[in-house]
Amino acid sequence: MALSDLLYPDNPKRRQELIHLHQELLDCMSTNFRATNELARVLNEHLGCTITHIRMRENSTVKENCDIIIQAMSEIQHQVQKIDSDMKEKLEPVLYQKLYDIKEPELEKIAIAHKVFSIVLGEATSTAGMVAIKLLSSNFLTLTVSKLISLLAQIGASVLGGISITILGLGIEMILHAILGAVERNQLLAAVRSYEKHLAEFKAASEKYRRAIREVTSLVRQQVQ
């Protein structure tokens, strides 16, 4: 029986749709790699962090690449938590509370944070306090990154995780063979629907993640200008 008969036999167009879904997933992952590196660059340059640059591994599986992003995002979470710990340790309780008080002027918060980084780093860039406050006062850590890490873990643990990202260079039948090899025939329909569900959630969370990063990086660019 032809592979096309195994995959939605009454709808041959599903073959191309499945390839399209896989391409969308990889495109979204690639964009997240770039966005994560951009945020890491800002944190390294202005807040004294040492987050490693990451890249997609073309000879690895979807899960292995998910794990690479998860590790980088977890390190970003750790660094933001460390920023908060430094603030709490160096500041008087009243000043520390001001950092999270929505009624306090933004410029005052930035000035407080900049003083702390000047102590911690010895010398801080003019944008250090601004970047720190943006990370601490937004939902970046608690919502955006945490949500995306959770989705990446789900994708890695699903049937998608075992598929190599290099199969896109092959023909459609070869790609379907690789995907079909990951599941039993009677599980394929559920697997494809799961693919669609994971991709929809992943794209939505990724957009929020990149928007949050753009808010931080745009502040840096404005300061430089």
# chains A, B, ... in the order shown; residues from 1 in each chain; ligands from 1
>>> closest_atom_pairs(of="stretch 129-155 of chain A", to="stretch 37-51 of chain A", cutoff="10 Å", atoms="only C-alpha atoms", output="JSON lines")
{"residue": "A:Gly129", "atom": "CA", "partner": "A:Leu47", "partner_atom": "CA", "distance": 8.6}
{"residue": "A:Met130", "atom": "CA", "partner": "A:His46", "partner_atom": "CA", "distance": 9.8}
{"residue": "A:Val131", "atom": "CA", "partner": "A:His46", "partner_atom": "CA", "distance": 7.8}
{"residue": "A:Ala132", "atom": "CA", "partner": "A:Leu47", "partner_atom": "CA", "distance": 7.7}
>>> write_last_selection(atoms="N, CA, C and O atoms", output="mmCIF file, in the first residue's frame")
data_model
loop_
_atom_site.group_PDB
_atom_site.id
_atom_site.type_symbol
_atom_site.label_atom_id
_atom_site.label_comp_id
_atom_site.auth_asym_id
_atom_site.auth_seq_id
_atom_site.Cartn_x
_atom_site.Cartn_y
_atom_site.Cartn_z
ATOM 1 N N GLY A 129 20.279 49.797 34.213
ATOM 2 C CA GLY A 129 19.120 49.935 35.097
ATOM 3 C C GLY A 129 17.813 49.818 34.345
ATOM 4 O O GLY A 129 16.849 49.196 34.830
ATOM 5 N N MET A 130 17.773 50.381 33.141
ATOM 6 C CA MET A 130 16.557 50.343 32.333
ATOM 7 C C MET A 130 16.206 48.918 31.924
ATOM 8 O O MET A 130 15.051 48.498 32.012
ATOM 9 N N VAL A 131 17.215 48.159 31.482
ATOM 10 C CA VAL A 131 16.980 46.770 31.084
ATOM 11 C C VAL A 131 16.535 45.943 32.293
ATOM 12 O O VAL A 131 15.606 45.137 32.197
ATOM 13 N N ALA A 132 17.192 46.135 33.416
ATOM 14 C CA ALA A 132 16.852 45.385 34.623
ATOM 15 C C ALA A 132 15.414 45.629 35.049
ATOM 16 O O ALA A 132 14.669 44.692 35.364
#
>>> residues_around(residues="A:Lys109", least_positions_apart="3", cutoff="7 Å", atoms="only C-alpha atoms", output="JSON, numbers by chain")
{"A": [98, 99, 105, 106, 112, 113, 133]}
>>> closest_residue(among="A:Gln97, A:Ser85, A:Asn32, A:Gln23", to="A:Ile149", atoms="only C-alpha atoms")
A:Asn32
>>> closest_residue(among="A:Leu219, A:Leu121, A:Leu152, A:Ile213", to="A:Gln71", atoms="only C-alpha atoms")
A:Leu152
>>> select_by_dssp(residues="stretch 4-148 of chain A", states="alpha helix (DSSP H)", output="mmCIF file with C-alpha atoms, in the first residue's frame")
data_model
loop_
_atom_site.group_PDB
_atom_site.id
_atom_site.type_symbol
_atom_site.label_atom_id
_atom_site.label_comp_id
_atom_site.auth_asym_id
_atom_site.auth_seq_id
_atom_site.Cartn_x
_atom_site.Cartn_y
_atom_site.Cartn_z
ATOM 1 C CA SER A 4 -0.273 8.287 0.556
ATOM 2 C CA ASP A 5 -2.955 5.648 1.230
ATOM 3 C CA LEU A 6 -1.908 5.418 4.859
ATOM 4 C CA ARG A 14 -2.915 16.050 3.635
ATOM 5 C CA ARG A 15 0.507 14.895 2.476
ATOM 6 C CA GLN A 16 1.578 18.407 1.561
ATOM 7 C CA GLU A 17 -0.237 19.856 4.570
ATOM 8 C CA LEU A 18 1.813 17.684 6.915
ATOM 9 C CA ILE A 19 5.048 18.896 5.338
ATOM 10 C CA HIS A 20 3.836 22.470 5.624
ATOM 11 C CA LEU A 21 3.106 21.999 9.339
ATOM 12 C CA HIS A 22 6.589 20.646 9.909
ATOM 13 C CA GLN A 23 8.148 23.567 8.025
ATOM 14 C CA GLU A 24 6.129 26.034 10.096
ATOM 15 C CA LEU A 25 7.353 24.420 13.289
ATOM 16 C CA LEU A 26 10.988 24.635 12.230
ATOM 17 C CA ASP A 27 10.619 28.230 11.020
ATOM 18 C CA CYS A 28 9.107 29.189 14.372
ATOM 19 C CA MET A 29 11.883 27.418 16.265
ATOM 20 C CA SER A 30 14.538 29.127 14.141
ATOM 21 C CA THR A 31 13.040 32.550 14.872
ATOM 22 C CA ASN A 32 13.014 31.755 18.601
ATOM 23 C CA PHE A 33 16.689 30.808 18.434
ATOM 24 C CA ARG A 34 17.501 34.223 16.946
ATOM 25 C CA ALA A 35 15.319 36.091 19.445
ATOM 26 C CA THR A 36 16.864 34.226 22.387
ATOM 27 C CA ASN A 37 20.366 35.088 21.161
ATOM 28 C CA GLU A 38 19.399 38.736 20.840
ATOM 29 C CA LEU A 39 18.138 38.867 24.419
ATOM 30 C CA ALA A 40 21.220 36.996 25.638
ATOM 31 C CA ARG A 41 23.426 39.557 23.884
ATOM 32 C CA VAL A 42 21.686 42.409 25.707
ATOM 33 C CA LEU A 43 21.934 40.682 29.083
ATOM 34 C CA ASN A 44 25.598 39.835 28.532
ATOM 35 C CA GLU A 45 26.512 43.319 27.356
ATOM 36 C CA HIS A 46 24.600 45.405 29.870
ATOM 37 C CA LEU A 47 24.007 43.205 32.929
ATOM 38 C CA VAL A 62 13.228 18.344 17.013
ATOM 39 C CA LYS A 63 13.471 17.292 20.676
ATOM 40 C CA GLU A 64 17.218 17.893 20.819
ATOM 41 C CA ASN A 65 16.742 21.386 19.412
ATOM 42 C CA CYS A 66 13.864 22.016 21.823
ATOM 43 C CA ASP A 67 16.222 21.059 24.658
ATOM 44 C CA ILE A 68 18.807 23.587 23.430
ATOM 45 C CA ILE A 69 16.298 26.449 23.580
ATOM 46 C CA ILE A 70 14.917 25.272 26.927
ATOM 47 C CA GLN A 71 18.408 25.316 28.423
ATOM 48 C CA ALA A 72 19.046 28.857 27.177
ATOM 49 C CA MET A 73 15.654 30.103 28.394
ATOM 50 C CA SER A 74 16.193 28.474 31.764
ATOM 51 C CA GLU A 75 19.518 30.278 32.028
ATOM 52 C CA ILE A 76 17.772 33.568 31.214
ATOM 53 C CA GLN A 77 15.243 32.825 33.955
ATOM 54 C CA HIS A 78 18.095 32.127 36.363
ATOM 55 C CA GLN A 79 19.821 35.396 35.463
ATOM 56 C CA VAL A 80 16.639 37.443 35.957
ATOM 57 C CA GLN A 81 16.137 35.784 39.340
ATOM 58 C CA LYS A 82 19.743 36.630 40.199
ATOM 59 C CA ILE A 83 19.113 40.262 39.265
ATOM 60 C CA ASP A 84 16.193 40.306 41.669
ATOM 61 C CA SER A 85 18.344 38.684 44.402
ATOM 62 C CA ASP A 86 21.081 41.289 43.889
ATOM 63 C CA MET A 87 18.535 44.078 44.206
ATOM 64 C CA LYS A 88 17.074 42.589 47.372
ATOM 65 C CA GLU A 89 20.524 42.086 48.904
ATOM 66 C CA LYS A 90 21.973 45.514 48.086
ATOM 67 C CA PRO A 93 13.704 47.075 51.994
ATOM 68 C CA VAL A 94 11.912 50.337 51.212
ATOM 69 C CA LEU A 95 13.917 50.908 48.036
ATOM 70 C CA TYR A 96 13.522 47.293 46.954
ATOM 71 C CA GLN A 97 9.750 47.548 47.276
ATOM 72 C CA LYS A 98 9.792 50.658 45.120
ATOM 73 C CA LEU A 99 11.091 48.618 42.196
ATOM 74 C CA GLU A 106 9.911 54.648 36.059
ATOM 75 C CA LEU A 107 12.937 56.946 36.052
ATOM 76 C CA GLU A 108 13.344 56.586 39.805
ATOM 77 C CA LYS A 109 13.249 52.801 39.538
ATOM 78 C CA ILE A 110 15.864 52.861 36.784
ATOM 79 C CA ALA A 111 18.118 55.103 38.868
ATOM 80 C CA ILE A 112 17.871 52.719 41.834
ATOM 81 C CA ALA A 113 18.654 49.684 39.672
ATOM 82 C CA HIS A 114 21.574 51.446 37.999
ATOM 83 C CA LYS A 115 23.182 52.170 41.365
ATOM 84 C CA VAL A 116 22.962 48.502 42.295
ATOM 85 C CA PHE A 117 24.577 47.381 39.043
ATOM 86 C CA SER A 118 27.305 49.949 39.466
ATOM 87 C CA ILE A 119 28.113 48.267 42.778
ATOM 88 C CA VAL A 120 27.769 44.689 41.506
ATOM 89 C CA LEU A 121 29.653 45.178 38.235
ATOM 90 C CA ALA A 128 21.734 48.604 32.688
ATOM 91 C CA GLY A 129 19.120 49.935 35.097
ATOM 92 C CA MET A 130 16.557 50.343 32.333
ATOM 93 C CA VAL A 131 16.980 46.770 31.084
ATOM 94 C CA ALA A 132 16.852 45.385 34.623
ATOM 95 C CA ILE A 133 13.637 47.216 35.473
ATOM 96 C CA LYS A 134 12.028 46.143 32.208
ATOM 97 C CA LEU A 135 12.749 42.497 32.981
ATOM 98 C CA LEU A 136 11.720 42.675 36.621
ATOM 99 C CA SER A 137 8.552 44.721 36.252
ATOM 100 C CA SER A 146 7.674 29.814 31.413
ATOM 101 C CA LYS A 147 4.852 29.184 28.941
ATOM 102 C CA LEU A 148 7.218 28.692 26.034
#
>>> atom_distance(atom1="atom CA of A:Leu143", atom2="atom CA of A:Ala157")
21.2 Å
>>> atom_distance(atom1="atom CA of A:Thr144", atom2="atom CA of A:Lys203")
12.4 Å
>>> closest_residue(among="A:Thr125, A:Ala204, A:Lys197, A:Arg55", to="A:Ser158", atoms="only C-alpha atoms")
A:Lys197
>>> closest_residue(among="A:Ile102, A:Ile54, A:Leu91, A:Val145", to="A:Arg211", atoms="only C-alpha atoms")
A:Val145
>>> atom_distance(atom1="atom CA of A:Leu199", atom2="atom CA of A:Met56")
18.0 Å
